[in-house]
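Here's entry-v2.csv, which has CSV, C-alpha atoms:
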chain,number,residue,atom,x,y,z
A,1,ASN,CA,8.7,-13.1,-13.2
A,2,ALA,CA,4.9,-12.9,-12.6
A,3,GLY,CA,5.2,-11.6,-9.0
A,4,VAL,CA,1.7,-10.9,-7.5
A,5,THR,CA,-1.2,-11.5,-10.0
A,6,GLN,CA,-4.7,-10.2,-9.4
A,7,THR,CA,-7.8,-11.1,-11.3
A,8,PRO,CA,-10.1,-9.6,-12.5
A,9,LYS,CA,-8.7,-6.2,-13.2
A,10,PHE,CA,-12.2,-4.6,-13.6
A,11,ARG,CA,-15.6,-5.8,-12.5
A,12,VAL,CA,-19.1,-4.3,-12.1
A,13,LEU,CA,-21.4,-6.1,-9.6
A,14,LYS,CA,-25.0,-5.5,-8.7
A,15,THR,CA,-25.9,-5.0,-5.0
A,16,GLY,CA,-26.4,-8.4,-3.3
A,17,GLN,CA,-24.3,-10.3,-5.7
A,18,SER,CA,-21.2,-12.3,-4.6
A,19,MET,CA,-17.8,-12.6,-6.2
A,20,THR,CA,-14.2,-13.6,-5.4
A,21,LEU,CA,-11.1,-11.5,-6.2
A,22,LEU,CA,-8.2,-13.8,-6.9
A,23,CYS,CA,-4.6,-13.2,-5.8
A,24,ALA,CA,-1.7,-15.5,-6.6
A,25,GLN,CA,2.0,-15.1,-6.0
A,26,ASP,CA,4.9,-17.2,-7.3
A,27,MET,CA,7.6,-16.0,-4.9
A,28,ASN,CA,6.9,-18.6,-2.1
A,29,HIS,CA,6.0,-15.7,0.2
A,30,GLU,CA,4.5,-16.6,3.6
A,31,TYR,CA,2.8,-13.3,4.2
A,32,MET,CA,-0.1,-12.0,2.1
A,33,TYR,CA,-2.4,-9.0,2.4
A,34,TRP,CA,-5.5,-7.5,1.0
A,35,TYR,CA,-6.0,-3.7,1.0
A,36,ARG,CA,-8.7,-1.4,-0.3
A,37,GLN,CA,-8.1,2.1,-1.5
A,38,ASP,CA,-10.8,4.8,-1.6
A,39,PRO,CA,-10.3,8.4,-2.8
A,40,GLY,CA,-8.3,10.4,-0.3
A,41,MET,CA,-8.0,7.5,2.1
A,42,GLY,CA,-4.6,5.8,1.3
A,43,LEU,CA,-4.7,2.0,1.5
A,44,ARG,CA,-6.5,0.3,4.4
A,45,LEU,CA,-5.8,-3.3,5.4
A,46,ILE,CA,-8.8,-5.7,5.0
A,47,HIS,CA,-7.3,-9.1,5.9
A,48,TYR,CA,-3.9,-10.7,6.1
A,49,SER,CA,-2.3,-14.1,6.3
A,50,VAL,CA,1.0,-15.1,7.8
A,51,GLY,CA,1.0,-18.6,6.3
A,52,ALA,CA,-1.2,-21.3,4.8
A,53,GLY,CA,-4.2,-22.0,7.0
A,54,ILE,CA,-3.7,-18.8,9.0
A,55,THR,CA,-5.7,-15.6,8.4
A,56,ASP,CA,-6.6,-12.6,10.5
A,57,GLN,CA,-8.6,-9.3,10.3
A,58,GLY,CA,-7.1,-6.0,9.4
A,59,GLU,CA,-8.6,-2.5,9.9
A,60,VAL,CA,-11.7,-2.9,7.7
A,61,PRO,CA,-12.7,-6.6,7.5
A,62,ASN,CA,-16.5,-6.3,7.6
A,63,GLY,CA,-18.2,-7.7,4.4
A,64,TYR,CA,-15.1,-9.7,3.3
A,65,ASN,CA,-13.9,-13.2,3.8
A,66,VAL,CA,-10.6,-14.8,3.0
A,67,SER,CA,-9.0,-18.2,3.0
A,68,ARG,CA,-5.4,-19.4,2.6
A,69,SER,CA,-5.4,-23.1,1.6
A,70,THR,CA,-2.1,-22.8,-0.2
A,71,THR,CA,1.0,-20.6,0.1
A,72,GLU,CA,0.4,-19.2,-3.4
A,73,ASP,CA,-3.2,-18.2,-3.3
A,74,PHE,CA,-5.1,-15.7,-1.1
A,75,PRO,CA,-8.7,-15.1,-2.5
A,76,LEU,CA,-10.9,-12.3,-1.2
A,77,ARG,CA,-14.6,-13.1,-1.1
A,78,LEU,CA,-17.5,-10.6,-1.1
A,79,GLU,CA,-20.7,-12.5,-0.1
A,80,LEU,CA,-23.3,-9.8,-0.4
A,81,ALA,CA,-21.8,-6.8,-2.3
A,82,ALA,CA,-22.8,-3.3,-1.3
A,83,PRO,CA,-22.2,0.0,-3.0
A,84,SER,CA,-19.8,0.9,0.0
A,85,GLN,CA,-17.5,-1.8,-1.3
A,86,THR,CA,-16.9,0.1,-4.5
A,87,SER,CA,-13.2,0.5,-4.4
A,88,VAL,CA,-9.8,-0.5,-5.7
A,89,TYR,CA,-8.4,-3.6,-4.2
A,90,PHE,CA,-4.7,-4.4,-3.9
A,91,CYS,CA,-3.2,-7.7,-3.0
A,92,ALA,CA,0.4,-7.9,-1.6
A,93,SER,CA,2.9,-10.5,-0.4
A,94,SER,CA,6.2,-10.6,1.5
A,95,GLY,CA,8.8,-13.0,2.8
A,96,PRO,CA,8.8,-13.7,6.6
A,97,LEU,CA,11.7,-11.3,7.5
A,98,SER,CA,10.7,-7.9,8.7
A,99,GLY,CA,13.1,-6.2,6.4
A,100,ASN,CA,11.7,-7.8,3.3
A,101,THR,CA,10.1,-5.7,0.6
A,102,ILE,CA,6.3,-6.1,0.2
A,103,TYR,CA,5.3,-6.6,-3.4
A,104,PHE,CA,1.9,-5.4,-4.7
A,105,GLY,CA,-0.4,-6.6,-7.5
A,106,GLU,CA,-1.7,-4.2,-10.1
A,107,GLY,CA,-5.1,-3.8,-8.4
A,108,SER,CA,-8.7,-4.7,-9.1
A,109,TRP,CA,-11.2,-2.0,-9.8
A,110,LEU,CA,-14.6,-3.0,-8.4
A,111,THR,CA,-17.9,-1.1,-8.8
A,112,VAL,CA,-21.0,-2.2,-7.0
A,113,VAL,CA,-24.2,-0.6,-8.5
B,1,LYS,CA,-2.0,1.5,17.1
B,2,GLN,CA,0.3,2.8,14.4
B,3,GLU,CA,-1.0,5.8,12.5
B,4,VAL,CA,0.7,7.5,9.6
B,5,THR,CA,0.1,11.1,8.6
B,6,GLN,CA,1.2,12.9,5.5
B,7,ILE,CA,1.5,16.7,5.1
B,8,PRO,CA,0.5,18.5,3.0
B,9,ALA,CA,-2.4,16.6,1.4
B,10,ALA,CA,-1.8,18.5,-1.9
B,11,LEU,CA,1.0,20.5,-3.3
B,12,SER,CA,1.4,22.6,-6.5
B,13,VAL,CA,4.9,23.8,-7.6
B,14,PRO,CA,6.4,25.2,-10.8
B,15,GLU,CA,8.8,23.1,-12.8
B,16,GLY,CA,12.4,23.1,-11.5
B,17,GLU,CA,11.6,23.7,-7.8
B,18,ASN,CA,13.0,21.5,-5.1
B,19,LEU,CA,10.3,20.2,-2.7
B,20,VAL,CA,9.8,18.2,0.5
B,21,LEU,CA,7.0,15.8,1.3
B,22,ASN,CA,6.5,15.0,5.0
B,23,CYS,CA,5.4,11.8,6.7
B,24,SER,CA,5.0,11.1,10.4
B,25,PHE,CA,4.1,8.0,12.4
B,26,THR,CA,3.0,7.4,15.9
B,27,ASP,CA,4.9,4.2,16.9
B,28,SER,CA,8.6,4.5,16.4
B,29,ALA,CA,9.1,0.7,16.7
B,30,ILE,CA,9.1,0.2,13.0
B,31,TYR,CA,11.0,-2.3,10.8
B,32,ASN,CA,11.1,-0.1,7.7
B,33,LEU,CA,9.5,2.8,5.9
B,34,GLN,CA,8.6,2.9,2.2
B,35,TRP,CA,7.7,5.6,-0.2
B,36,PHE,CA,5.4,4.9,-3.2
B,37,ARG,CA,4.2,6.8,-6.2
B,38,GLN,CA,0.8,6.3,-7.6
B,39,ASP,CA,-0.4,7.8,-10.9
B,40,PRO,CA,-4.2,8.3,-11.4
B,41,GLY,CA,-6.0,5.0,-12.1
B,42,LYS,CA,-2.8,3.0,-11.7
B,43,GLY,CA,-1.1,0.8,-9.2
B,44,LEU,CA,1.7,1.4,-6.7
B,45,THR,CA,5.3,2.0,-7.7
B,46,SER,CA,7.9,1.6,-5.0
B,47,LEU,CA,10.3,4.5,-4.9
B,48,LEU,CA,12.5,4.0,-1.8
B,49,LEU,CA,12.7,1.6,1.1
B,50,ILE,CA,14.5,2.6,4.3
B,51,GLN,CA,15.3,0.0,6.9
B,52,SER,CA,15.0,1.0,10.5
B,53,SER,CA,18.8,1.0,10.9
B,54,GLN,CA,19.3,3.4,8.0
B,55,ARG,CA,19.0,7.2,8.0
B,56,GLU,CA,18.4,7.8,4.3
B,57,GLN,CA,18.1,6.4,0.8
B,58,THR,CA,18.7,8.0,-2.5
B,59,SER,CA,17.5,7.2,-6.0
B,60,GLY,CA,18.3,9.7,-8.8
B,61,ARG,CA,16.5,13.0,-7.9
B,62,LEU,CA,14.8,11.4,-4.9
B,63,ASN,CA,16.2,11.3,-1.4
B,64,ALA,CA,14.3,9.9,1.6
B,65,SER,CA,15.3,10.4,5.2
B,66,LEU,CA,14.2,8.6,8.3
B,67,ASP,CA,14.3,9.8,11.9
B,68,LYS,CA,12.8,6.9,13.8
B,69,SER,CA,13.1,8.4,17.2
B,70,SER,CA,11.0,11.4,16.3
B,71,GLY,CA,8.7,9.4,14.0
B,72,ARG,CA,9.4,11.3,10.9
B,73,SER,CA,10.4,10.8,7.3
B,74,THR,CA,10.8,13.2,4.4
B,75,LEU,CA,10.9,12.7,0.7
B,76,TYR,CA,13.0,15.3,-1.1
B,77,ILE,CA,12.5,15.7,-4.8
B,78,ALA,CA,15.1,17.8,-6.6
B,79,ALA,CA,14.5,19.8,-9.7
B,80,SER,CA,10.9,18.8,-10.1
B,81,GLN,CA,9.4,18.0,-13.5
B,82,PRO,CA,5.9,17.7,-14.8
B,83,GLY,CA,6.3,14.0,-15.0
B,84,ASP,CA,6.7,13.9,-11.2
B,85,SER,CA,3.0,14.8,-10.9
B,86,ALA,CA,1.4,12.0,-9.0
B,87,THR,CA,0.2,11.0,-5.5
B,88,TYR,CA,3.0,10.0,-3.1
B,89,LEU,CA,2.3,7.5,-0.4
B,90,CYS,CA,4.3,6.8,2.8
B,91,ALA,CA,3.9,3.5,4.6
B,92,VAL,CA,5.6,1.9,7.6
B,93,ARG,CA,6.1,-1.7,8.5
B,94,SER,CA,5.9,-2.7,12.2
B,95,ARG,CA,4.8,-5.5,14.4
B,96,GLN,CA,1.1,-4.8,13.9
B,97,ALA,CA,-1.2,-6.8,11.7
B,98,GLY,CA,1.2,-9.5,10.5
B,99,THR,CA,3.8,-6.8,9.8
B,100,ALA,CA,1.5,-5.3,7.1
B,101,LEU,CA,2.4,-1.9,5.7
B,102,ILE,CA,0.3,0.9,7.3
B,103,PHE,CA,-0.3,3.8,4.9
B,104,GLY,CA,-0.7,7.5,5.1
B,105,LYS,CA,-3.4,9.1,3.0
B,106,GLY,CA,-0.9,10.5,0.5
B,107,THR,CA,0.3,13.8,-0.9
B,108,THR,CA,-0.9,14.8,-4.4
B,109,LEU,CA,1.8,16.7,-6.2
B,110,SER,CA,1.2,18.8,-9.3
B,111,VAL,CA,4.2,20.2,-11.1
B,112,SER,CA,3.4,22.8,-13.8
B,113,SER,CA,5.6,23.6,-16.8
Please go through the file and, once you have read it, give me the structure as structure tokens.
Amino acid sequence: NAGVTQTPKFRVLKTGQSMTLLCAQDMNHEYMYWYRQDPGMGLRLIHYSVGAGITDQGEVPNGYNVSRSTTEDFPLRLELAAPSQTSVYFCASSGPLSGNTIYFGEGSWLTVV
Amino acid sequence: KQEVTQIPAALSVPEGENLVLNCSFTDSAIYNLQWFRQDPGKGLTSLLLIQSSQREQTSGRLNASLDKSSGRSTLYIAASQPGDSATYLCAVRSRQAGTALIFGKGTTLSVSS
């Protein structure tokens, strides 16, 4: 019963470095999402995918890239990290039906110094 | 564009009090609405999910109502306890952004003993 698994849980990056946040789900869900959460801001959608090979931008996509080569995995790439990308990142997944529950990972805490 | 607003942003009550948290959304064409709880430094815990065809859902001391036509939901917490202290997030799922959940900024609740 792994559900949605995010790695790493905590990471400190230097400005300009690159890294990838990993997200994997074992529920055969078609839909996957990446959010970021900043103090007092709720969760904001970065990118989403409605199936393998299909990705699209959410509300705050700048500075982030995603890919969806398999149904299970949806990595989030930061190419040139900036202090403004210090945040908590949540990955989520869901089945294709609109009434399906969306399941969340436990979050990844990223600090860019 | 769907927007979700939560009022109040913060709330402090004495233990034992009944309380109501409010959520409003701008596009009434939603699939479902979900209430989450988030403790400091932690991930999201799903509390209640209301489908668009439903009017309310109950779980223990929690009751969530949905009035889709007016774009409103309330979360009622009965006999509040210090352990209820947390941030409560409201989110709606609609046709936008691959049916991603769109979140409000949350209400931070503090229950004093």
Would you tabulate, counting only C-alpha atoms, all residues of chain B that have an atom at most 12 Å from an atom of chain A, showing the closest pair of atoms and their distance in Å to one decimal, sorted by chain then ascending number, as CSV?
residue,atom,partner,partner_atom,distance
B:Lys1,CA,A:Glu59,CA,10.6
B:Gln2,CA,A:Glu59,CA,11.3
B:Glu3,CA,A:Arg44,CA,11.2
B:Val4,CA,A:Gly42,CA,10.0
B:Thr5,CA,A:Gly42,CA,10.2
B:Gln6,CA,A:Gly42,CA,10.1
B:Ala9,CA,A:Gly40,CA,8.7
B:Ala10,CA,A:Gly40,CA,10.5
B:Ala29,CA,A:Ser98,CA,11.9
B:Ile30,CA,A:Ser98,CA,9.3
B:Tyr31,CA,A:Ser98,CA,6.0
B:Asn32,CA,A:Gly99,CA,6.5
B:Leu33,CA,A:Gly99,CA,9.7
B:Gln34,CA,A:Thr101,CA,8.9
B:Trp35,CA,A:Thr101,CA,11.6
B:Phe36,CA,A:Phe104,CA,11.0
B:Arg37,CA,A:Gly42,CA,11.6
B:Gln38,CA,A:Gly42,CA,10.4
B:Pro40,CA,A:Pro39,CA,10.5
B:Gly41,CA,A:Trp109,CA,9.0
B:Lys42,CA,A:Glu106,CA,7.5
B:Gly43,CA,A:Glu106,CA,5.1
B:Leu44,CA,A:Phe104,CA,7.1
B:Thr45,CA,A:Phe104,CA,8.7
B:Ser46,CA,A:Tyr103,CA,8.7
B:Leu47,CA,A:Thr101,CA,11.6
B:Leu48,CA,A:Thr101,CA,10.3
B:Leu49,CA,A:Thr101,CA,7.8
B:Ile50,CA,A:Gly99,CA,9.2
B:Gln51,CA,A:Gly99,CA,6.6
B:Ser52,CA,A:Gly99,CA,8.5
B:Ser53,CA,A:Gly99,CA,10.2
B:Gln54,CA,A:Gly99,CA,11.5
B:Thr87,CA,A:Gly42,CA,9.8
B:Tyr88,CA,A:Gly42,CA,9.7
B:Leu89,CA,A:Gly42,CA,7.3
B:Cys90,CA,A:Gly42,CA,9.1
B:Ala91,CA,A:Leu43,CA,9.3
B:Val92,CA,A:Ile102,CA,10.9
B:Arg93,CA,A:Ser98,CA,7.7
B:Ser94,CA,A:Ser98,CA,7.9
B:Arg95,CA,A:Ser98,CA,8.5
B:Gln96,CA,A:Gly58,CA,9.4
B:Ala97,CA,A:Gly58,CA,6.4
B:Gly98,CA,A:Val50,CA,6.2
B:Thr99,CA,A:Ser98,CA,7.1
B:Ala100,CA,A:Tyr33,CA,7.1
B:Leu101,CA,A:Ile102,CA,7.9
B:Ile102,CA,A:Arg44,CA,7.4
B:Phe103,CA,A:Leu43,CA,5.8
B:Gly104,CA,A:Gly42,CA,5.7
B:Lys105,CA,A:Gly42,CA,3.9
B:Gly106,CA,A:Gly42,CA,6.0
B:Thr107,CA,A:Gly40,CA,9.3
B:Thr108,CA,A:Gly40,CA,9.5
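Among A:Glu79, A:Leu110, A:Gly51, A:Ser84, the residue with the shortest atom-to-atom distance to Pro8 of chain A, counting all atoms listed in the file, is A:Leu110.
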Problem - Selected residue of minimal separation from Lys14 of chain A among A:Ile54, A:Cys91, A:Val113, A:Asn62, counting only C-alpha atoms - result: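 With only C-alpha atoms as the atom set, the closest residue is A:Val113.
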Handout entry: Atomic distance atom CA of Leu80 of chain A - atom CA of Gly63 of chain A, expressed in Å with one decimal
Key = 7.3 Å
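For the pair atom CA of Pro83 of chain A and atom CA of Thr111 of chain A, the separation is 7.3 Å.
In this structure, atom CA of Gly3 of chain A sits 25.3 Å away from atom CA of Leu62 of chain B.
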Practice task
Find the residues near Ala2 of chain A: any atom within 8 Å, counting only C-alpha atoms, skip ones fewer than 3 places away on the same chain, and give them as a list of chain:residue names.
Solution key: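 Near Ala2 of chain A, the qualifying residues are A:Thr5, A:Gln25, A:Asp26.
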Practice task
Name the residues in contact with Arg61 of chain B at a cut-off of 9 Å, using all atoms listed in the file, excluding same-chain residues fewer than 4 positions from it; report them as a PyMOL selection string.
Solution key: chain B and resi 76-80
Problem - Shortest interatomic distance to Ser69 of chain B - which of B:Ser112, B:Ser28, B:Asn18, B:Ser12, counting all atoms listed in the file - result: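 Ranking B:Ser112, B:Ser28, B:Asn18, B:Ser12 by distance to Ser69 of chain B, first place goes to B:Ser28.
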Practice task
Tell me which of B:Leu75, B:Leu11, B:Ala86, B:Leu19 sits closest to Thr58 of chain B, counting all atoms listed in the file.
Solution key: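 When distances to Thr58 of chain B are compared using all atoms listed in the file, the smallest one comes from B:Leu75.
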